[in-house]
Amino acid sequence: MNHTGPIPRWEAPTRQDVGHTVEEFLRILGGPTFLWLPGLDTTRTRAVSTLLHGNEPSGVRAIHRWIREGHQPQVNVLCFIGNVEAALTDPVFSHRSIPGGQDLNRCFRSPFEGPEGIIAQAMLEELYRIQPEALIDIHNTSGRSPAYGVATQNGVMQESLTGIFSDHLVVTDLRLGTLMEATETAWPTVTIEAGGTADPKAHELAYRGFSRYALAKDFSELSYPVTVTHHPIRVELKKGASMAYASAPMPEVDLTLPQDVDRLNFGTLSTHERLGWVGSRGLDVLGAINAAGENLTSTLFSVRHGELMLARPSRLMMVTTNPDIARSDCLFYILPHV
Ligand SMILES: [Zn+2]
C-alpha cells in the first residue's frame, strides 16, 4: 500500500490479498483506504465510495466479492472504503460512526475539523486529482426499505446512475455536509440506498449495480427508466424529547413508534395511516424542516386522540428502527404529495 497522505491507496488488490470474508478484508484495510482497480481502458476512471457509515455493509461486501471473483473493470475504478474503524468496532457492522466520533457523511464541507473532517478532506483531494467520470456512494437504509437513489441535482446522468441500481431517484435540496454535495457540480454523483443493512437482497443489489457500473463501456448503455421525486423533508426529534419503539403508546415518552414502523418505507400513505403516538407535548417534539429552514410539522402531521397521523397523503423514506439513529440523526424523511 502507498501511504502518501492520511488515506493509503492500494494498487490493484488481487483475490489472494483481500481475505476470505468481508470482516477479514476490513481488518487487512485497518482504516479508510482507496483501492485502485485498473481498467481495460486505463484512460478513464469512475469512483465508488462506501462504508461512510460503518453499519452499512452492502457496498464493501460488493467490492470484496468483486475482487474475490477476479473481475477486471472496463475503465479504472477508484473505490473509497470509509469508516472501517466504526465498522470493526464490536459488534462488527453495528456502529454508524466511531463511538463519540462525528458522522463521516456530515463532514464533507469546511471547516473539515476532527479526524472525520481530515479524512473527508483527503478523500475529496484524491477525487479532484483523479477527476472521475462519475461517483456513486453506496449506503444502506437503517430500516427495511426498497432501494433508491438520492441526488442533489437532477439530470440524465443522475437518472442513469440511479437506474443501474433502482427505479426511483429522490432529488433533495437539503444540505447536510454529505459527500454528494461536495462533488455535485464536478461530476455526476448519486447516493445509492441499497436497502436494509441486514437484507441479503440489498447486498446482491449493490453487487449487481457495482458490476454494471464497472463493466459498462459507456453510461448510455445503462439507461433504465427511473421515477423522480423532489424535496424530501427531514423529520427530527427535537433535542431533549424522548422516544421509544413499542407496539402501544408508552406513557412516559414524547413519541412512540411501532417496532415495525419501517414497513411504511416508500409506500404512499393516506391520512388514515397511524404512524405512532405522541405524548402530552403533542407535535411540539417533532421538527420537520425543509431546505429553507421552515418547520412544517403542523402542515404535515395531525394528532387524533394521541395518534400521530399524516395531514396529507405522503411517502416516507429512511424510516429507521434504530433508536440511536432516531435520536441523533433523524426519524425519517417525508415526501408530501402536492
Ligand atoms: Zn448511510
# chains A, B, ... in the order shown; residues from 1 in each chain; ligands from 1
$ residues_near_ligand --ligand "ligand 1" --cutoff "10 Å" --atoms "only C-alpha atoms and all ligand atoms" --output "PyMOL selection string"
chain A and resi 50-57+96+103-105+137-142+178+191-194+197+318
$ residues_around --residues "His305 in chain A" --least-positions-apart "3" --cutoff "12 Å" --atoms "only C-alpha atoms" --output "PyMOL selection string"
chain A and resi 249+274+276-280+282+302+308-309
$ write_last_selection --atoms "all heavy atoms" --output "PDB file, in the first residue's frame"
ATOM      1  N   PRO A 249     -48.699   2.913  22.869  1.00  0.00           N
ATOM      2  CA  PRO A 249     -48.086   4.150  23.358  1.00  0.00           C
ATOM      3  C   PRO A 249     -47.457   3.980  24.736  1.00  0.00           C
ATOM      4  O   PRO A 249     -48.060   3.375  25.619  1.00  0.00           O
ATOM      5  CB  PRO A 249     -49.257   5.138  23.385  1.00  0.00           C
ATOM      6  CG  PRO A 249     -50.503   4.332  23.258  1.00  0.00           C
ATOM      7  CD  PRO A 249     -50.137   3.062  22.572  1.00  0.00           C
ATOM      8  N   ARG A 274     -51.802   5.368  10.804  1.00  0.00           N
ATOM      9  CA  ARG A 274     -51.238   5.804  12.086  1.00  0.00           C
ATOM     10  C   ARG A 274     -49.733   5.559  12.063  1.00  0.00           C
ATOM     11  O   ARG A 274     -49.285   4.433  11.877  1.00  0.00           O
ATOM     12  CB  ARG A 274     -51.873   5.013  13.230  1.00  0.00           C
ATOM     13  CG  ARG A 274     -51.378   5.503  14.589  1.00  0.00           C
ATOM     14  CD  ARG A 274     -51.990   4.688  15.722  1.00  0.00           C
ATOM     15  NE  ARG A 274     -51.569   3.301  15.638  1.00  0.00           N
ATOM     16  CZ  ARG A 274     -52.287   2.265  16.071  1.00  0.00           C
ATOM     17  NH1 ARG A 274     -53.454   2.452  16.614  1.00  0.00           N
ATOM     18  NH2 ARG A 274     -51.818   1.030  15.963  1.00  0.00           N
ATOM     19  N   GLY A 276     -47.674   6.514  14.689  1.00  0.00           N
ATOM     20  CA  GLY A 276     -47.223   6.242  16.051  1.00  0.00           C
ATOM     21  C   GLY A 276     -48.089   7.028  17.015  1.00  0.00           C
ATOM     22  O   GLY A 276     -49.248   7.339  16.685  1.00  0.00           O
ATOM     23  N   TRP A 277     -47.518   7.361  18.158  1.00  0.00           N
ATOM     24  CA  TRP A 277     -48.279   8.078  19.185  1.00  0.00           C
ATOM     25  C   TRP A 277     -47.421   9.198  19.775  1.00  0.00           C
ATOM     26  O   TRP A 277     -46.204   9.012  19.968  1.00  0.00           O
ATOM     27  CB  TRP A 277     -48.676   7.132  20.322  1.00  0.00           C
ATOM     28  CG  TRP A 277     -49.498   5.972  19.876  1.00  0.00           C
ATOM     29  CD1 TRP A 277     -50.860   5.906  19.819  1.00  0.00           C
ATOM     30  CD2 TRP A 277     -49.020   4.686  19.432  1.00  0.00           C
ATOM     31  NE1 TRP A 277     -51.266   4.673  19.366  1.00  0.00           N
ATOM     32  CE2 TRP A 277     -50.158   3.900  19.128  1.00  0.00           C
ATOM     33  CE3 TRP A 277     -47.750   4.122  19.260  1.00  0.00           C
ATOM     34  CZ2 TRP A 277     -50.050   2.590  18.653  1.00  0.00           C
ATOM     35  CZ3 TRP A 277     -47.637   2.823  18.788  1.00  0.00           C
ATOM     36  CH2 TRP A 277     -48.786   2.071  18.486  1.00  0.00           C
ATOM     37  N   VAL A 278     -48.030  10.321  20.069  1.00  0.00           N
ATOM     38  CA  VAL A 278     -47.308  11.391  20.764  1.00  0.00           C
ATOM     39  C   VAL A 278     -47.854  11.535  22.185  1.00  0.00           C
ATOM     40  O   VAL A 278     -49.005  11.169  22.461  1.00  0.00           O
ATOM     41  CB  VAL A 278     -47.405  12.748  20.014  1.00  0.00           C
ATOM     42  CG1 VAL A 278     -46.599  12.707  18.727  1.00  0.00           C
ATOM     43  CG2 VAL A 278     -48.852  13.125  19.730  1.00  0.00           C
ATOM     44  N   GLY A 279     -47.013  12.073  23.061  1.00  0.00           N
ATOM     45  CA  GLY A 279     -47.393  12.263  24.463  1.00  0.00           C
ATOM     46  C   GLY A 279     -48.049  13.621  24.665  1.00  0.00           C
ATOM     47  O   GLY A 279     -48.583  14.230  23.721  1.00  0.00           O
ATOM     48  N   SER A 280     -47.973  14.127  25.901  1.00  0.00           N
ATOM     49  CA  SER A 280     -48.708  15.350  26.251  1.00  0.00           C
ATOM     50  C   SER A 280     -48.170  16.583  25.508  1.00  0.00           C
ATOM     51  O   SER A 280     -48.879  17.574  25.363  1.00  0.00           O
ATOM     52  CB  SER A 280     -48.638  15.580  27.760  1.00  0.00           C
ATOM     53  OG  SER A 280     -47.283  15.602  28.157  1.00  0.00           O
ATOM     54  N   GLY A 282     -47.539  16.697  22.419  1.00  0.00           N
ATOM     55  CA  GLY A 282     -48.081  16.670  21.056  1.00  0.00           C
ATOM     56  C   GLY A 282     -46.988  16.784  20.007  1.00  0.00           C
ATOM     57  O   GLY A 282     -45.901  16.212  20.146  1.00  0.00           O
ATOM     58  N   SER A 302     -50.924  15.521  11.868  1.00  0.00           N
ATOM     59  CA  SER A 302     -52.003  15.894  12.778  1.00  0.00           C
ATOM     60  C   SER A 302     -52.032  14.866  13.906  1.00  0.00           C
ATOM     61  O   SER A 302     -51.413  13.801  13.797  1.00  0.00           O
ATOM     62  CB  SER A 302     -53.341  15.937  12.038  1.00  0.00           C
ATOM     63  OG  SER A 302     -53.682  14.640  11.610  1.00  0.00           O
ATOM     64  N   LEU A 308     -50.410   9.823  16.052  1.00  0.00           N
ATOM     65  CA  LEU A 308     -49.708  10.663  15.080  1.00  0.00           C
ATOM     66  C   LEU A 308     -50.139  10.240  13.672  1.00  0.00           C
ATOM     67  O   LEU A 308     -49.947   9.087  13.282  1.00  0.00           O
ATOM     68  CB  LEU A 308     -48.193  10.496  15.247  1.00  0.00           C
ATOM     69  CG  LEU A 308     -47.306  11.246  14.251  1.00  0.00           C
ATOM     70  CD1 LEU A 308     -47.451  12.762  14.407  1.00  0.00           C
ATOM     71  CD2 LEU A 308     -45.850  10.836  14.425  1.00  0.00           C
ATOM     72  N   MET A 309     -50.749  11.177  12.943  1.00  0.00           N
ATOM     73  CA  MET A 309     -51.278  10.890  11.608  1.00  0.00           C
ATOM     74  C   MET A 309     -50.651  11.859  10.606  1.00  0.00           C
ATOM     75  O   MET A 309     -50.096  12.890  10.974  1.00  0.00           O
ATOM     76  CB  MET A 309     -52.807  11.092  11.585  1.00  0.00           C
ATOM     77  CG  MET A 309     -53.562  10.491  12.744  1.00  0.00           C
ATOM     78  SD  MET A 309     -53.588   8.694  12.748  1.00  0.00           S
ATOM     79  CE  MET A 309     -54.845   8.353  11.536  1.00  0.00           C
TER      80      MET A 309
END
$ residues_around --residues "Glu159 in chain A" --least-positions-apart "6" --cutoff "10 Å" --atoms "only C-alpha atoms" --output "list of chain:residue names"
A:Gly149, A:Val150, A:Ala151, A:Gln153, A:Ser166, A:Asp167, A:His168, A:Leu169, A:Val170, A:Pro188, A:Val190, A:Leu222, A:Ser223, A:Tyr224, A:Pro225, A:Val226, A:Thr227, A:Val228
$ atom_distance --atom1 "CA of Ala311 in chain A" --atom2 "CA of Thr299 in chain A"
6.5 Å
$ select_by_dssp --residues "range 73-185 of chain A" --states "strand (DSSP E or B)" --output "JSON, numbers by chain"
{"A": [75, 76, 77, 78, 79, 80, 81, 135, 136, 137, 138, 139, 140, 141, 148, 149, 150, 151, 168, 169, 170, 171]}
$ residues_around --residues "Leu29 in chain A" --least-positions-apart "6" --cutoff "9 Å" --atoms "only C-alpha atoms" --output "list of chain:residue names"
A:Val18, A:Ile81, A:Val84
$ write_last_selection --atoms "N, CA, C and O atoms" --output "PDB file, in the first residue's frame"
ATOM      1  N   VAL A  18      -7.181 -10.123  -0.315  1.00  0.00           N
ATOM      2  CA  VAL A  18      -8.252  -9.389   0.362  1.00  0.00           C
ATOM      3  C   VAL A  18      -8.998 -10.191   1.437  1.00  0.00           C
ATOM      4  O   VAL A  18     -10.004  -9.712   1.970  1.00  0.00           O
ATOM      5  N   ILE A  81     -13.140   3.095   0.718  1.00  0.00           N
ATOM      6  CA  ILE A  81     -13.797   2.380   1.821  1.00  0.00           C
ATOM      7  C   ILE A  81     -13.611   3.271   3.041  1.00  0.00           C
ATOM      8  O   ILE A  81     -12.489   3.469   3.513  1.00  0.00           O
ATOM      9  N   VAL A  84     -13.911   2.305   8.229  1.00  0.00           N
ATOM     10  CA  VAL A  84     -13.516   0.929   8.555  1.00  0.00           C
ATOM     11  C   VAL A  84     -13.469   0.744  10.076  1.00  0.00           C
ATOM     12  O   VAL A  84     -13.897  -0.287  10.608  1.00  0.00           O
TER      13      VAL A  84
END
$ atom_distance --atom1 "CA of Ala202 in chain A" --atom2 "CA of Glu116 in chain A"
26.4 Å
$ closest_atom_pairs --of "range 112-150 of chain A" --to "range 252-273 of chain A" --cutoff "10 Å" --atoms "only C-alpha atoms" --output "tab-separated table"
residue	atom	partner	partner_atom	distance
A:Thr141	CA	A:Asp262	CA	9.8
A:Ser142	CA	A:Asp262	CA	8.9
A:Gly143	CA	A:Asp262	CA	5.3
A:Arg144	CA	A:Asp262	CA	5.7
A:Ser145	CA	A:Asn265	CA	5.5
A:Pro146	CA	A:Phe266	CA	7.1
A:Ala147	CA	A:Phe266	CA	9.4
A:Tyr148	CA	A:Phe266	CA	9.4
$ write_last_selection --atoms "C-alpha atoms" --output "short mmCIF file (atom, residue, chain, number, x, y, z; two decimals), in the first residue's frame"
data_model
loop_
_atom_site.label_atom_id
_atom_site.label_comp_id
_atom_site.auth_asym_id
_atom_site.auth_seq_id
_atom_site.Cartn_x
_atom_site.Cartn_y
_atom_site.Cartn_z
CA THR A 141 -31.09 2.28 4.98
CA SER A 142 -31.18 1.52 8.69
CA GLY A 143 -34.71 0.10 8.43
CA ARG A 144 -36.12 -2.24 5.78
CA SER A 145 -36.65 -0.37 2.54
CA PRO A 146 -36.69 -0.78 -1.22
CA ALA A 147 -33.54 0.57 -2.90
CA TYR A 148 -33.43 4.10 -4.31
#
$ atom_distance --atom1 "CA of Arg46 in chain A" --atom2 "CA of Thr172 in chain A"
23.0 Å
$ residues_around --residues "Trp187 in chain A" --least-positions-apart "5" --cutoff "8 Å" --atoms "only C-alpha atoms" --output "PDB file with N, CA and C atoms, in the first residue's frame"
ATOM      1  N   GLN A 131     -10.279  13.079 -11.004  1.00  0.00           N
ATOM      2  CA  GLN A 131     -11.326  13.560 -11.931  1.00  0.00           C
ATOM      3  C   GLN A 131     -12.138  12.407 -12.542  1.00  0.00           C
ATOM      4  N   PRO A 132     -12.884  11.681 -11.719  1.00  0.00           N
ATOM      5  CA  PRO A 132     -13.663  10.564 -12.263  1.00  0.00           C
ATOM      6  C   PRO A 132     -14.805  11.046 -13.162  1.00  0.00           C
ATOM      7  N   GLU A 133     -15.298  10.116 -13.995  1.00  0.00           N
ATOM      8  CA  GLU A 133     -16.459  10.426 -14.846  1.00  0.00           C
ATOM      9  C   GLU A 133     -17.724  10.545 -14.023  1.00  0.00           C
ATOM     10  N   ALA A 134     -17.758   9.804 -12.916  1.00  0.00           N
ATOM     11  CA  ALA A 134     -18.959   9.760 -12.081  1.00  0.00           C
ATOM     12  C   ALA A 134     -18.565   9.221 -10.711  1.00  0.00           C
ATOM     13  N   LEU A 135     -19.439   9.449  -9.745  1.00  0.00           N
ATOM     14  CA  LEU A 135     -19.219   8.944  -8.380  1.00  0.00           C
ATOM     15  C   LEU A 135     -20.522   8.364  -7.851  1.00  0.00           C
TER      16      LEU A 135
END
$ closest_residue --among "A:Gly240, A:Val156, A:Arg61, A:Phe80" --to "Ala198 in chain A" --atoms "only C-alpha atoms"
A:Arg61
$ closest_residue --among "A:Ala12, A:Leu283, A:Leu127, A:Leu275" --to "Phe332 in chain A" --atoms "only C-alpha atoms"
A:Leu275
$ decode --residues "range 283-296 of chain A" --atoms "all heavy atoms" --output "mmCIF file, in the first residue's frame"
data_model
loop_
_atom_site.group_PDB
_atom_site.id
_atom_site.type_symbol
_atom_site.label_atom_id
_atom_site.label_comp_id
_atom_site.auth_asym_id
_atom_site.auth_seq_id
_atom_site.Cartn_x
_atom_site.Cartn_y
_atom_site.Cartn_z
ATOM 1 N N LEU A 283 -47.271 17.572 18.961
ATOM 2 C CA LEU A 283 -46.342 17.705 17.827
ATOM 3 C C LEU A 283 -45.126 18.564 18.147
ATOM 4 O O LEU A 283 -44.201 18.639 17.336
ATOM 5 C CB LEU A 283 -47.087 18.315 16.623
ATOM 6 C CG LEU A 283 -48.129 17.440 15.935
ATOM 7 C CD1 LEU A 283 -48.801 18.224 14.816
ATOM 8 C CD2 LEU A 283 -47.485 16.175 15.382
ATOM 9 N N ASP A 284 -45.131 19.213 19.334
ATOM 10 C CA ASP A 284 -44.002 20.094 19.670
ATOM 11 C C ASP A 284 -42.667 19.361 19.720
ATOM 12 O O ASP A 284 -41.609 19.989 19.666
ATOM 13 C CB ASP A 284 -44.225 20.754 21.044
ATOM 14 C CG ASP A 284 -45.165 21.938 20.925
ATOM 15 O OD1 ASP A 284 -45.443 22.341 19.772
ATOM 16 O OD2 ASP A 284 -45.627 22.423 21.968
ATOM 17 N N VAL A 285 -42.699 18.045 19.838
ATOM 18 C CA VAL A 285 -41.437 17.306 19.960
ATOM 19 C C VAL A 285 -40.825 16.987 18.590
ATOM 20 O O VAL A 285 -39.716 16.472 18.510
ATOM 21 C CB VAL A 285 -41.615 15.999 20.762
ATOM 22 C CG1 VAL A 285 -42.047 16.333 22.172
ATOM 23 C CG2 VAL A 285 -42.590 15.047 20.083
ATOM 24 N N LEU A 286 -41.560 17.300 17.512
ATOM 25 C CA LEU A 286 -41.054 16.993 16.170
ATOM 26 C C LEU A 286 -40.595 18.263 15.459
ATOM 27 O O LEU A 286 -41.201 19.322 15.602
ATOM 28 C CB LEU A 286 -42.146 16.342 15.312
ATOM 29 C CG LEU A 286 -42.663 14.988 15.764
ATOM 30 C CD1 LEU A 286 -43.754 14.511 14.807
ATOM 31 C CD2 LEU A 286 -41.526 13.974 15.814
ATOM 32 N N GLY A 287 -39.548 18.137 14.673
ATOM 33 C CA GLY A 287 -39.132 19.205 13.766
ATOM 34 C C GLY A 287 -39.143 18.645 12.356
ATOM 35 O O GLY A 287 -38.491 17.634 12.089
ATOM 36 N N ALA A 288 -39.913 19.232 11.463
ATOM 37 C CA ALA A 288 -39.950 18.798 10.050
ATOM 38 C C ALA A 288 -39.461 19.980 9.227
ATOM 39 O O ALA A 288 -40.206 20.903 8.934
ATOM 40 C CB ALA A 288 -41.363 18.399 9.650
ATOM 41 N N ILE A 289 -38.175 19.952 8.904
ATOM 42 C CA ILE A 289 -37.501 21.148 8.408
ATOM 43 C C ILE A 289 -37.251 21.023 6.913
ATOM 44 O O ILE A 289 -36.625 20.055 6.471
ATOM 45 C CB ILE A 289 -36.130 21.326 9.130
ATOM 46 C CG1 ILE A 289 -36.274 21.135 10.655
ATOM 47 C CG2 ILE A 289 -35.506 22.668 8.799
ATOM 48 C CD1 ILE A 289 -37.107 22.161 11.353
ATOM 49 N N ASN A 290 -37.701 21.992 6.151
ATOM 50 C CA ASN A 290 -37.401 21.974 4.712
ATOM 51 C C ASN A 290 -36.093 22.723 4.451
ATOM 52 O O ASN A 290 -35.431 23.202 5.368
ATOM 53 C CB ASN A 290 -38.583 22.537 3.900
ATOM 54 C CG ASN A 290 -38.790 24.022 4.128
ATOM 55 O OD1 ASN A 290 -38.002 24.679 4.803
ATOM 56 N ND2 ASN A 290 -39.860 24.555 3.566
ATOM 57 N N ALA A 291 -35.708 22.799 3.160
ATOM 58 C CA ALA A 291 -34.409 23.388 2.830
ATOM 59 C C ALA A 291 -34.333 24.862 3.199
ATOM 60 O O ALA A 291 -33.249 25.404 3.411
ATOM 61 C CB ALA A 291 -34.123 23.203 1.344
ATOM 62 N N ALA A 292 -35.477 25.527 3.280
ATOM 63 C CA ALA A 292 -35.489 26.942 3.667
ATOM 64 C C ALA A 292 -35.440 27.116 5.186
ATOM 65 O O ALA A 292 -35.444 28.235 5.684
ATOM 66 C CB ALA A 292 -36.739 27.608 3.107
ATOM 67 N N GLY A 293 -35.394 25.983 5.922
ATOM 68 C CA GLY A 293 -35.313 26.059 7.374
ATOM 69 C C GLY A 293 -36.661 26.240 8.039
ATOM 70 O O GLY A 293 -36.743 26.477 9.245
ATOM 71 N N GLU A 294 -37.743 26.128 7.276
ATOM 72 C CA GLU A 294 -39.080 26.294 7.866
ATOM 73 C C GLU A 294 -39.518 24.993 8.524
ATOM 74 O O GLU A 294 -39.261 23.912 7.997
ATOM 75 C CB GLU A 294 -40.100 26.657 6.780
ATOM 76 C CG GLU A 294 -39.797 27.956 6.085
ATOM 77 C CD GLU A 294 -40.477 28.066 4.722
ATOM 78 O OE1 GLU A 294 -40.746 27.039 4.062
ATOM 79 O OE2 GLU A 294 -40.708 29.201 4.305
ATOM 80 N N ASN A 295 -40.188 25.121 9.657
ATOM 81 C CA ASN A 295 -40.719 23.945 10.341
ATOM 82 C C ASN A 295 -42.150 23.694 9.873
ATOM 83 O O ASN A 295 -43.042 24.496 10.128
ATOM 84 C CB ASN A 295 -40.672 24.165 11.863
ATOM 85 C CG ASN A 295 -40.989 22.873 12.593
ATOM 86 O OD1 ASN A 295 -41.490 21.902 12.003
ATOM 87 N ND2 ASN A 295 -40.705 22.847 13.878
ATOM 88 N N LEU A 296 -42.349 22.576 9.157
ATOM 89 C CA LEU A 296 -43.642 22.281 8.538
ATOM 90 C C LEU A 296 -44.445 21.255 9.329
ATOM 91 O O LEU A 296 -45.392 20.663 8.803
ATOM 92 C CB LEU A 296 -43.417 21.761 7.113
ATOM 93 C CG LEU A 296 -42.612 22.670 6.186
ATOM 94 C CD1 LEU A 296 -42.443 22.015 4.823
ATOM 95 C CD2 LEU A 296 -43.299 24.020 6.016
#
